[in-house]
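**Q** For reference, the file structure.tsv (TSV, C-alpha atoms) is included below:
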chain	number	residue	atom	x	y	z
H	1256	MET	CA	-26.68	40.97	-4.58
H	1257	MET	CA	-25.93	43.98	-2.38
H	1258	THR	CA	-27.86	46.15	-4.84
H	1259	PHE	CA	-30.83	43.83	-4.39
H	1260	TYR	CA	-30.66	43.85	-0.59
H	1261	SER	CA	-30.06	47.57	-0.23
H	1262	SER	CA	-32.68	48.76	-2.72
H	1263	MET	CA	-35.27	46.06	-3.50
H	1264	ALA	CA	-35.45	43.41	-0.78
H	1265	VAL	CA	-38.69	43.47	1.19
H	1266	TYR	CA	-39.30	41.17	4.16
H	1267	THR	CA	-42.52	42.68	5.45
H	1268	ASN	CA	-45.90	42.25	3.79
H	1269	PRO	CA	-48.04	45.38	3.32
H	1270	GLY	CA	-51.13	43.21	3.74
H	1271	ARG	CA	-50.18	42.75	7.42
H	1272	ALA	CA	-49.72	46.48	8.10
H	1273	GLU	CA	-46.03	45.86	8.95
H	1274	LYS	CA	-46.93	43.36	11.66
H	1275	PRO	CA	-45.13	40.00	11.97
H	1276	SER	CA	-46.86	36.91	10.66
H	1277	GLU	CA	-48.23	34.28	13.02
H	1278	ALA	CA	-45.40	31.98	11.91
H	1279	LYS	CA	-42.81	34.62	12.74
H	1280	VAL	CA	-44.23	35.13	16.23
H	1281	ARG	CA	-44.32	31.38	16.79
H	1282	ASP	CA	-40.75	30.93	15.52
H	1283	LEU	CA	-39.43	33.66	17.84
H	1284	ASP	CA	-41.19	32.08	20.81
H	1285	GLU	CA	-39.35	28.87	20.04
H	1286	GLN	CA	-35.95	30.43	19.25
H	1287	ILE	CA	-35.86	32.34	22.53
H	1288	GLN	CA	-36.78	29.27	24.57
H	1289	PHE	CA	-34.42	27.04	22.58
H	1290	ILE	CA	-31.48	29.37	23.23
H	1291	LYS	CA	-32.45	29.86	26.86
H	1292	ARG	CA	-32.68	26.12	27.41
H	1293	GLY	CA	-29.41	25.42	25.59
H	1294	ILE	CA	-27.44	27.96	27.61
H	1295	GLY	CA	-29.45	27.97	30.82
H	1296	TYR	CA	-30.20	31.71	30.56
H	1297	LEU	CA	-30.42	34.51	28.03
H	1298	PRO	CA	-27.17	36.47	27.66
H	1299	ASP	CA	-27.14	40.19	28.45
H	1300	SER	CA	-26.04	41.30	24.96
H	1301	THR	CA	-27.15	40.21	21.49
H	1302	LEU	CA	-26.00	41.16	18.00
H	1303	GLN	CA	-28.12	40.12	15.04
H	1304	ILE	CA	-26.54	40.12	11.59
H	1305	GLY	CA	-29.31	40.51	9.06
H	1306	SER	CA	-31.75	42.10	11.49
H	1307	SER	CA	-34.46	42.89	8.90
H	1308	ASP	CA	-37.29	44.98	10.40
H	1309	GLY	CA	-36.02	44.62	13.99
H	1310	TYR	CA	-38.82	42.38	15.25
H	1311	THR	CA	-36.47	39.57	16.33
H	1312	LEU	CA	-34.27	41.85	18.42
H	1313	SER	CA	-37.31	43.52	19.93
H	1314	ARG	CA	-38.48	40.12	21.16
H	1315	PHE	CA	-35.08	39.31	22.68
H	1316	ARG	CA	-35.07	42.69	24.42
H	1317	THR	CA	-38.56	42.03	25.81
H	1318	ALA	CA	-37.33	38.63	27.02
H	1319	GLY	CA	-34.65	40.33	29.11
H	1320	VAL	CA	-31.60	40.96	26.92
H	1321	LYS	CA	-30.19	44.33	28.02
H	1322	ARG	CA	-28.23	45.35	24.91
H	1323	VAL	CA	-29.37	44.57	21.36
H	1324	LEU	CA	-27.88	45.78	18.09
H	1325	GLY	CA	-28.65	44.92	14.47
H	1326	VAL	CA	-26.64	44.83	11.27
H	1327	GLU	CA	-28.78	45.31	8.18
H	1328	PRO	CA	-27.98	46.31	4.56
H	1329	GLY	CA	-31.55	47.22	3.59
H	1330	THR	CA	-32.33	50.91	3.94
H	1331	ALA	CA	-36.06	50.33	4.34
H	1332	SER	CA	-35.51	47.63	6.97
H	1333	VAL	CA	-33.20	49.84	9.04
H	1334	GLU	CA	-35.84	52.57	9.02
H	1335	LEU	CA	-38.59	50.10	9.97
H	1336	ALA	CA	-36.55	48.70	12.87
H	1337	LYS	CA	-36.15	52.16	14.34
H	1338	ARG	CA	-39.72	53.30	13.70
H	1339	LEU	CA	-41.55	50.14	14.73
H	1340	TYR	CA	-39.38	48.79	17.54
H	1341	GLN	CA	-36.77	51.45	18.42
H	1342	ILE	CA	-34.01	49.02	17.43
H	1343	ASP	CA	-30.65	50.54	16.49
H	1344	CYS	CA	-28.91	49.03	13.48
H	1345	ILE	CA	-25.57	49.40	11.78
H	1346	HIS	CA	-26.56	50.13	8.19
H	1347	SER	CA	-24.05	47.86	6.48
H	1348	SER	CA	-23.45	44.41	5.09
H	1349	ALA	CA	-22.28	41.38	7.05
H	1350	GLU	CA	-18.95	41.70	5.28
H	1351	ASP	CA	-18.34	45.39	5.89
H	1352	PHE	CA	-19.84	46.24	9.29
H	1353	GLN	CA	-17.56	47.20	12.15
H	1354	THR	CA	-18.14	47.48	15.88
H	1355	GLU	CA	-15.92	47.85	18.93
H	1356	GLU	CA	-18.47	46.07	21.13
H	1357	SER	CA	-18.39	42.45	22.18
H	1358	PHE	CA	-21.56	40.41	22.31
H	1359	GLU	CA	-22.32	37.29	24.29
H	1360	LEU	CA	-24.87	36.08	21.74
H	1361	ILE	CA	-24.83	36.51	17.96
H	1362	LEU	CA	-27.86	35.66	15.83
H	1363	LEU	CA	-27.65	34.64	12.17
H	1364	THR	CA	-31.18	33.60	11.27
H	1365	HIS	CA	-31.60	32.90	7.57
H	1366	VAL	CA	-28.46	34.82	6.64
H	1367	LEU	CA	-25.67	32.33	5.86
H	1368	GLU	CA	-27.46	31.05	2.77
H	1369	HIS	CA	-27.33	34.58	1.31
H	1370	LEU	CA	-23.59	35.17	1.72
H	1371	TYR	CA	-20.84	34.75	-0.86
H	1372	HIS	CA	-18.29	33.91	1.85
H	1373	PRO	CA	-20.18	32.49	4.84
H	1374	GLN	CA	-17.07	31.07	6.51
H	1375	VAL	CA	-15.49	34.52	6.56
H	1376	ILE	CA	-18.55	35.87	8.37
H	1377	LEU	CA	-18.56	33.02	10.89
H	1378	ALA	CA	-14.86	33.68	11.59
H	1379	LYS	CA	-15.66	37.38	12.02
H	1380	CYS	CA	-18.38	36.50	14.54
H	1381	ARG	CA	-15.98	34.27	16.44
H	1382	GLN	CA	-13.43	37.08	16.61
H	1383	LEU	CA	-16.04	39.51	17.93
H	1384	GLN	CA	-16.53	37.17	20.87
H	1385	ASN	CA	-12.88	36.80	21.86
H	1386	ALA	CA	-13.28	39.21	24.75
H	1387	VAL	CA	-16.23	37.43	26.41
H	1388	GLU	CA	-15.76	34.53	28.81
H	1389	GLU	CA	-18.09	32.33	26.79
H	1390	GLY	CA	-19.87	33.44	23.64
H	1391	PHE	CA	-22.73	31.81	21.81
H	1392	ILE	CA	-24.02	31.88	18.25
H	1393	TYR	CA	-27.40	30.79	16.97
H	1394	VAL	CA	-27.58	29.97	13.27
H	1395	GLU	CA	-30.75	29.04	11.40
H	1396	VAL	CA	-30.92	28.21	7.69
H	1397	PRO	CA	-33.16	26.32	5.26
H	1398	LEU	CA	-32.32	22.64	5.49
H	1399	MET	CA	-31.49	20.80	2.29
H	1400	ALA	CA	-33.44	17.65	3.06
H	1401	GLN	CA	-34.85	14.95	0.79
H	1402	PRO	CA	-36.51	16.16	-2.46
H	1403	ASP	CA	-40.04	15.38	-1.24
H	1404	SER	CA	-39.46	17.58	1.82
H	1405	LEU	CA	-38.51	20.67	-0.18
H	1406	CYS	CA	-41.09	23.26	-1.19
H	1407	PRO	CA	-41.51	24.76	-4.69
H	1408	GLY	CA	-38.97	27.51	-5.22
H	1409	PHE	CA	-36.55	26.16	-2.60
H	1410	PHE	CA	-33.63	27.08	-4.84
H	1411	SER	CA	-33.68	30.81	-5.55
H	1412	PHE	CA	-31.29	33.48	-6.76
H	1413	GLU	CA	-31.12	34.94	-3.23
H	1414	HIS	CA	-29.69	31.74	-1.78
H	1415	ILE	CA	-26.09	31.11	-2.70
H	1416	ASN	CA	-25.39	28.34	-0.17
H	1417	TYR	CA	-27.42	25.30	0.80
H	1418	TYR	CA	-26.83	23.39	4.01
H	1419	THR	CA	-27.31	19.86	5.19
H	1420	LYS	CA	-27.10	19.18	8.91
H	1421	GLU	CA	-23.59	17.80	8.50
H	1422	ASN	CA	-22.06	20.66	6.53
H	1423	LEU	CA	-23.68	23.31	8.74
H	1424	LEU	CA	-22.17	21.73	11.84
H	1425	GLN	CA	-18.83	21.42	10.05
H	1426	SER	CA	-18.97	25.09	9.09
H	1427	LEU	CA	-19.45	26.14	12.71
H	1428	ILE	CA	-16.71	23.84	13.99
H	1429	GLN	CA	-14.25	25.11	11.37
H	1430	ALA	CA	-14.99	28.68	12.49
H	1431	GLY	CA	-14.08	27.84	16.09
H	1432	TYR	CA	-17.49	27.06	17.57
H	1433	SER	CA	-18.73	23.93	19.31
H	1434	PRO	CA	-22.37	22.99	18.58
H	1435	ILE	CA	-24.35	22.31	21.74
H	1436	SER	CA	-28.00	22.14	20.57
H	1437	VAL	CA	-29.63	21.30	17.24
H	1438	ILE	CA	-33.26	21.55	16.17
H	1439	GLU	CA	-34.86	20.55	12.85
H	1440	HIS	CA	-38.36	21.16	11.49
H	1441	PHE	CA	-39.76	19.60	8.33
H	1442	ASN	CA	-43.48	20.42	8.33
H	1443	SER	CA	-43.90	23.65	10.27
H	1444	ASN	CA	-42.37	26.17	7.88
H	1445	LEU	CA	-42.38	26.95	4.18
H	1446	SER	CA	-39.28	24.77	3.79
H	1447	PRO	CA	-37.38	22.51	6.20
H	1448	VAL	CA	-35.22	24.51	8.61
H	1449	ILE	CA	-32.38	23.71	10.97
H	1450	GLY	CA	-31.22	25.75	13.94
H	1451	VAL	CA	-27.89	25.28	15.71
H	1452	LEU	CA	-26.75	26.83	18.97
H	1453	ALA	CA	-22.97	26.76	19.41
H	1454	SER	CA	-20.45	27.91	22.03
H	1455	THR	CA	-16.99	29.42	21.86
H	1456	LYS	CA	-15.87	26.91	24.49
H	1457	ALA	CA	-14.59	23.58	23.18
H	1458	GLN	CA	-17.14	20.82	23.67
H	1459	ASN	CA	-16.76	17.61	21.71
H	1460	HIS	CA	-20.37	16.67	21.15
H	1461	TYR	CA	-19.91	16.13	17.40
H	1462	LEU	CA	-16.65	14.36	16.59
H	1463	SER	CA	-17.42	12.57	13.32
H	1464	LEU	CA	-19.33	14.35	10.57
H	1465	HIS	CA	-19.43	13.00	7.04
H	1466	THR	CA	-20.76	14.88	4.02
H	1467	ASP	CA	-21.33	12.81	0.89
H	1468	PRO	CA	-21.25	14.98	-2.27
H	1469	ILE	CA	-22.62	12.14	-4.40
H	1470	ILE	CA	-25.76	11.87	-2.28
H	1471	ASN	CA	-26.16	15.64	-2.21
H	1472	ARG	CA	-25.83	15.82	-5.99
H	1473	LYS	CA	-28.51	13.15	-6.35
H	1474	ILE	CA	-30.86	15.16	-4.12
H	1475	LEU	CA	-30.25	18.26	-6.23
H	1476	THR	CA	-30.93	16.45	-9.49
H	1477	GLU	CA	-34.12	14.81	-8.24
H	1478	TYR	CA	-35.43	18.06	-6.82
H	1479	ARG	CA	-34.65	20.02	-9.98
H	1480	ASN	CA	-36.59	17.56	-12.13
H	1481	LYS	CA	-39.49	17.68	-9.68
H	1482	GLU	CA	-39.37	21.48	-9.66
H	1483	ILE	CA	-39.69	21.85	-13.43
H	1484	THR	CA	-42.61	19.42	-13.51
H	1485	TYR	CA	-44.35	21.25	-10.67
H	1486	TRP	CA	-44.13	24.79	-12.08
H	1487	GLN	CA	-45.10	23.74	-15.60
H	1488	GLY	CA	-48.02	21.75	-14.21
H	1489	CYS	CA	-49.28	24.81	-12.32
H	1490	LEU	CA	-49.12	26.90	-15.47
H	1491	ASP	CA	-50.92	24.24	-17.50
H	1492	LYS	CA	-53.86	24.35	-15.05
H	1493	VAL	CA	-54.46	28.09	-15.56
H	1494	GLN	CA	-53.54	28.27	-19.25
H	1495	LYS	CA	-57.12	28.25	-20.55
H	1496	GLN	CA	-57.98	31.21	-18.33
H	1497	LEU	CA	-54.86	33.05	-19.47
H	1498	ASN	CA	-55.83	32.49	-23.10
H	1499	LYS	CA	-59.09	34.35	-22.51
H	1500	SER	CA	-57.37	37.42	-21.06
H	1501	LYS	CA	-57.36	40.84	-22.65
H	1502	ARG	CA	-54.07	41.69	-20.90
H	1503	ILE	CA	-51.89	39.72	-18.49
H	1504	TYR	CA	-49.94	41.20	-15.58
H	1505	LEU	CA	-47.60	39.30	-13.26
H	1506	TRP	CA	-48.14	40.22	-9.62
H	1507	GLY	CA	-44.92	40.24	-7.61
H	1508	ALA	CA	-41.55	41.53	-8.77
H	1509	GLY	CA	-39.50	39.04	-6.80
H	1510	ILE	CA	-38.18	35.53	-6.47
H	1511	HIS	CA	-41.23	33.56	-7.59
H	1512	THR	CA	-41.85	35.67	-10.68
H	1513	CYS	CA	-38.28	34.87	-11.70
H	1514	GLN	CA	-38.99	31.20	-11.11
H	1515	ILE	CA	-42.18	31.00	-13.15
H	1516	VAL	CA	-40.34	32.61	-16.06
H	1517	ALA	CA	-37.33	30.32	-15.63
H	1518	ASN	CA	-39.19	27.07	-14.97
H	1519	THR	CA	-42.04	27.23	-17.50
H	1520	ASN	CA	-42.74	28.16	-21.11
H	1521	LEU	CA	-44.99	31.04	-20.01
H	1522	LEU	CA	-43.31	33.60	-22.27
H	1523	GLU	CA	-43.68	31.31	-25.29
H	1524	ARG	CA	-47.39	30.83	-24.65
H	1525	CYS	CA	-48.46	34.29	-23.50
H	1526	HIS	CA	-47.73	37.95	-24.02
H	1527	ILE	CA	-47.12	39.51	-20.62
H	1528	ASP	CA	-48.23	43.14	-20.60
H	1529	GLY	CA	-46.66	44.20	-17.34
H	1530	LEU	CA	-45.28	43.57	-13.90
H	1531	THR	CA	-46.71	45.05	-10.71
H	1532	ASP	CA	-45.98	44.95	-6.99
H	1533	THR	CA	-47.11	46.78	-3.86
H	1534	SER	CA	-43.52	47.47	-2.80
H	1535	THR	CA	-42.59	51.08	-3.49
H	1536	LEU	CA	-38.94	49.99	-3.63
H	1537	LYS	CA	-39.60	48.09	-6.85
H	1538	TRP	CA	-41.61	50.67	-8.76
H	1539	GLY	CA	-39.79	51.97	-11.81
H	1540	LEU	CA	-37.17	49.21	-11.78
H	1541	GLN	CA	-36.69	47.11	-14.89
H	1542	GLN	CA	-36.86	43.35	-14.60
H	1543	GLY	CA	-36.51	41.50	-17.86
H	1544	ASP	CA	-38.65	43.23	-20.46
H	1545	TRP	CA	-40.87	44.97	-17.93
H	1546	ILE	CA	-40.79	48.04	-15.72
H	1547	CYS	CA	-42.42	47.30	-12.38
H	1548	GLN	CA	-45.49	49.48	-11.89
H	1549	ASP	CA	-47.51	50.72	-8.95
H	1550	PRO	CA	-50.82	48.81	-9.27
H	1551	ALA	CA	-52.73	52.01	-8.53
H	1552	THR	CA	-51.33	53.63	-11.69
H	1553	ILE	CA	-52.43	50.87	-14.08
H	1554	ASP	CA	-55.61	51.47	-16.08
H	1555	TRP	CA	-57.22	48.18	-15.14
H	1556	GLN	CA	-59.90	46.97	-17.52
H	1557	SER	CA	-62.54	44.29	-17.37
H	1558	GLY	CA	-61.03	41.20	-18.99
H	1559	ASP	CA	-57.52	41.79	-17.63
H	1560	THR	CA	-55.84	39.01	-15.68
H	1561	VAL	CA	-53.38	39.13	-12.81
H	1562	LEU	CA	-51.26	36.03	-12.29
H	1563	ILE	CA	-49.98	35.74	-8.71
H	1564	SER	CA	-46.60	34.04	-8.76
H	1565	SER	CA	-45.81	33.95	-5.03
H	1566	TYR	CA	-45.91	30.58	-3.29
H	1567	ALA	CA	-45.39	31.78	0.28
H	1568	SER	CA	-47.87	34.68	0.21
H	1569	GLU	CA	-50.29	33.62	-2.52
H	1570	LYS	CA	-53.49	33.51	-0.46
H	1571	GLU	CA	-52.61	36.69	1.41
H	1572	ILE	CA	-52.08	38.52	-1.87
H	1573	PHE	CA	-55.24	37.03	-3.41
H	1574	ASP	CA	-57.35	38.13	-0.44
H	1575	SER	CA	-55.99	41.68	-0.75
H	1576	LEU	CA	-57.00	41.99	-4.42
H	1577	THR	CA	-60.76	42.14	-3.95
H	1578	TRP	CA	-60.65	45.69	-5.35
H	1579	LEU	CA	-59.35	44.35	-8.66
H	1580	ARG	CA	-61.97	41.64	-8.92
H	1581	LYS	CA	-64.65	44.28	-8.40
H	1582	ARG	CA	-63.32	45.96	-11.56
H	1583	GLY	CA	-63.71	42.78	-13.57
H	1584	VAL	CA	-60.06	41.74	-13.36
H	1585	THR	CA	-59.41	38.03	-12.98
H	1586	THR	CA	-56.88	37.19	-10.25
H	1587	LEU	CA	-55.33	33.78	-10.76
H	1588	ARG	CA	-53.55	31.79	-8.07
H	1589	LEU	CA	-50.78	29.83	-9.73
H	1590	HIS	CA	-50.23	27.40	-6.86
H	1591	ASN	CA	-53.73	27.42	-5.37
H	1592	ILE	CA	-52.55	26.34	-1.93
H	1593	ASP	CA	-54.33	27.83	1.08
H	1594	ASP	CA	-51.65	26.99	3.62
H	1595	SER	CA	-48.02	27.22	2.52
H	1596	ARG	CA	-46.93	27.05	6.20
H	1597	ALA	CA	-45.40	30.51	5.83
H	1598	HIS	CA	-48.11	32.40	7.71
Written as structure tokens, that's how I'd like the structure from this file.

**A**
Amino acid sequence: MMTFYSSMAVYTNPGRAEKPSEAKVRDLDEQIQFIKRGIGYLPDSTLQIGSSDGYTLSRFRTAGVKRVLGVEPGTASVELAKRLYQIDCIHSSAEDFQTEESFELILLTHVLEHLYHPQVILAKCRQLQNAVEEGFIYVEVPLMAQPDSLCPGFFSFEHINYYTKENLLQSLIQAGYSPISVIEHFNSNLSPVIGVLASTKAQNHYLSLHTDPIINRKILTEYRNKEITYWQGCLDKVQKQLNKSKRIYLWGAGIHTCQIVANTNLLERCHIDGLTDTSTLKWGLQQGDWICQDPATIDWQSGDTVLISSYASEKEIFDSLTWLRKRGVTTLRLHNIDDSRAH
């Protein structure tokens, strides 16, 4: 996974000219106010583990935090953080980074689900805050809710851990934190999310937490069956158009391309001629039987078809491919959803 994060992972969309999405701006507005309300003020120092392009820390700095520092394994993201927002980052993983500084607030937004040993990282965060009078941590992760609440592609190779409200709170308590504020959203984002603000000072707000593995297993089974039906159904709707294609290219060398291959019989029905993506990090890398290509280097021909696999960014990608349609290339939207709540 570290190879993926350090060399391939991209969390900015070229179609937005490296600017944050409307959803990202909205989410940061809320996170800052949620933390400020939960504590009563914004702490003077903030460390973000998994700082991506630096936008989050730039917003906390603008809100009044005096010292901000990121930890980020992705080379491209570290460079973006410095160039776009003048945010300094430790170029390292959550497991390996070291710092002599203490921070009053630590942010882990959509990070724990990616880690092989999340409890080790939470314990490391708690230790970093031993020297402060009272430290705080804000953790946000996708929420494993009921099957009907979960979006297509909720389970992906990037996510190793999945959290319910109960086991997330338990994880923080076991690491030495006391949860003081909890927020859940089901309809505002791509998938349900939960955010928890916790303190290093003992506060017994949550004394009895019960996790039922039988119920969780039932949720997983129901969702998996629903997932297979969904992806195959999407493919069935565009199959006739695919059958008419001279050549077929998959657009997007990432999570959702993996999922369409894994969750459908696409490869049994169609010959896929190539894989393409706008991310320079992915060009030349082999995924399955294909080498990811720069779309500008492909000799596009009238009668070719591009199948967009992304759920979160499908419309954004489709709108950016007008230049292909002008060349007679069909651009198919697999999901055909205008608002995935990710924008």

**Q** Give me the residues near Glu1388 in chain H as a list in words, where near means some atom within 9 Å (using only C-alpha atoms) and where sequence neighbours in that chain fewer than 4 positions away do not count.

**A**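 Returned residues: Glu1359, Gln1384, Thr1455 and Lys1456 of chain H.
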
**Q** Output C-alpha atoms for every residue in that selection, as a PDB file, in the coordinates of the input.

**A**
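Dumped everything to part16.pdb:
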ATOM      1  CA  GLU H1359     -22.320  37.290  24.290  1.00  0.00           C
ATOM      2  CA  GLN H1384     -16.530  37.170  20.870  1.00  0.00           C
ATOM      3  CA  THR H1455     -16.990  29.420  21.860  1.00  0.00           C
ATOM      4  CA  LYS H1456     -15.870  26.910  24.490  1.00  0.00           C
TER       5      LYS H1456
END

**Q** Set the distance at 10 Å and use all atoms listed in the file: which residues neighbour Gln1382 in chain H once local chain neighbours fewer than 6 positions away are removed? I'd like the list as a VMD selection string.

**A** chain H and resid 1357 1376 1430 to 1431 1455

**Q** Rank nothing, just name the residue among H:Gly1319, H:Gly1305, H:Gly1539, H:Gly1529 nearest to Ser1332 in chain H, using all atoms listed in the file.

**A** H:Gly1305

**Q** Find the residue from H:Pro1468, H:Gly1390, H:Gly1309, H:Pro1407 that sits nearest to Thr1484 in chain H; use all atoms listed in the file when measuring.

**A**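 Of all the options, H:Pro1407 lies closest to Thr1484 in chain H.
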
**Q** Separation of CA of Ile1527 in chain H and CA of Tyr1504 in chain H, in Å?

**A** 6.0 Å

**Q** Taking into account all atoms listed in the file, which residue in the set H:Ile1515, H:Ala1378, H:Leu1490, H:Ala1331 is nearest to Thr1535 in chain H?

**A**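 Of the candidates, the smallest distance to Thr1535 in chain H is held by H:Ala1331.
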
**Q** Between CA of Ile1510 in chain H and CA of Ile1438 in chain H, measure the distance and give it in Å to one decimal.

**A**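 For CA of Ile1510 in chain H relative to CA of Ile1438 in chain H, the distance reads 27.1 Å.
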
**Q** Of the candidates H:Asp1554, H:Glu1421, H:Cys1547, H:Leu1589, which one gets nearest to Tyr1485 in chain H if we count all atoms listed in the file?

**A**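 Distance minimum relative to Tyr1485 in chain H lands on H:Leu1589.
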
**Q** Find the residues with any atom within 8 Å of (-42.5, 47.2, -11.0); use all atoms listed in the file and the coordinates as given in the file, and write the answer as a short mmCIF file (atom, residue, chain, number, x, y, z; two decimals) with C-alpha atoms, keeping the file's coordinate frame.

**A**
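Here's the written file point_5.cif:
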data_model
loop_
_atom_site.label_atom_id
_atom_site.label_comp_id
_atom_site.auth_asym_id
_atom_site.auth_seq_id
_atom_site.Cartn_x
_atom_site.Cartn_y
_atom_site.Cartn_z
CA ALA H 1508 -41.55 41.53 -8.77
CA LEU H 1530 -45.28 43.57 -13.90
CA THR H 1531 -46.71 45.05 -10.71
CA ASP H 1532 -45.98 44.95 -6.99
CA LYS H 1537 -39.60 48.09 -6.85
CA TRP H 1538 -41.61 50.67 -8.76
CA GLY H 1539 -39.79 51.97 -11.81
CA LEU H 1540 -37.17 49.21 -11.78
CA GLN H 1541 -36.69 47.11 -14.89
CA GLN H 1542 -36.86 43.35 -14.60
CA TRP H 1545 -40.87 44.97 -17.93
CA ILE H 1546 -40.79 48.04 -15.72
CA CYS H 1547 -42.42 47.30 -12.38
CA GLN H 1548 -45.49 49.48 -11.89
CA ASP H 1549 -47.51 50.72 -8.95
#

**Q** Could you tell me how far CA of Ala1517 in chain H sits from CA of Val1584 in chain H, in Å to one decimal place?

**A**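 Atom-to-atom, CA of Val1584 in chain H and CA of Ala1517 in chain H are spaced 25.5 Å apart.
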
**Q** At a cut-off of 8 Å, using all atoms listed in the file, what residues contact His1590 in chain H? Leave out same-chain residues fewer than 6 positions from it and give the result as an NGL selection string.

**A** :H and (1489 or 1564 or 1566 or 1569)

**Q** Using all atoms listed in the file, which residue out of H:His1440, H:Leu1497, H:Tyr1432, H:Glu1413 lies closest to Cys1513 in chain H?

**A**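 Answer, going by the shortest atom-to-atom distance: H:Glu1413.
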
**Q** Just checking: using only C-alpha atoms, which residue out of H:Thr1476, H:Ser1411, H:Thr1419, H:Pro1275 ends up closest to Gly1509 in chain H?

**A** H:Ser1411

**Q** Residues near Leu1423 in chain H, anyone? I mean within 10 Å using all atoms listed in the file, not counting same-chain ones fewer than 4 positions away, as a ChimeraX atom specification.

**A** /H:1367,1394-1396,1398,1417-1419,1427-1429,1434,1449-1451

**Q** If we count only C-alpha atoms and set the cut-off at 9 Å, which residues sit around Glu1334 in chain H, ignoring sequence neighbours fewer than 4 positions away in its own chain? Please answer as a list in words.

**A**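 Once the nearby chain positions are removed, what remains is Asp1308, Gly1329, Thr1330, Arg1338, Leu1339 and Cys1344 of chain H.
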
**Q** Up to 7 Å from (-27.5, 34.5, 13.1) in the file's coordinates: name the residues, counting all atoms listed in the file, as a PyMOL selection string.

**A** chain H and resi 1303-1304+1361-1364+1366+1392-1395
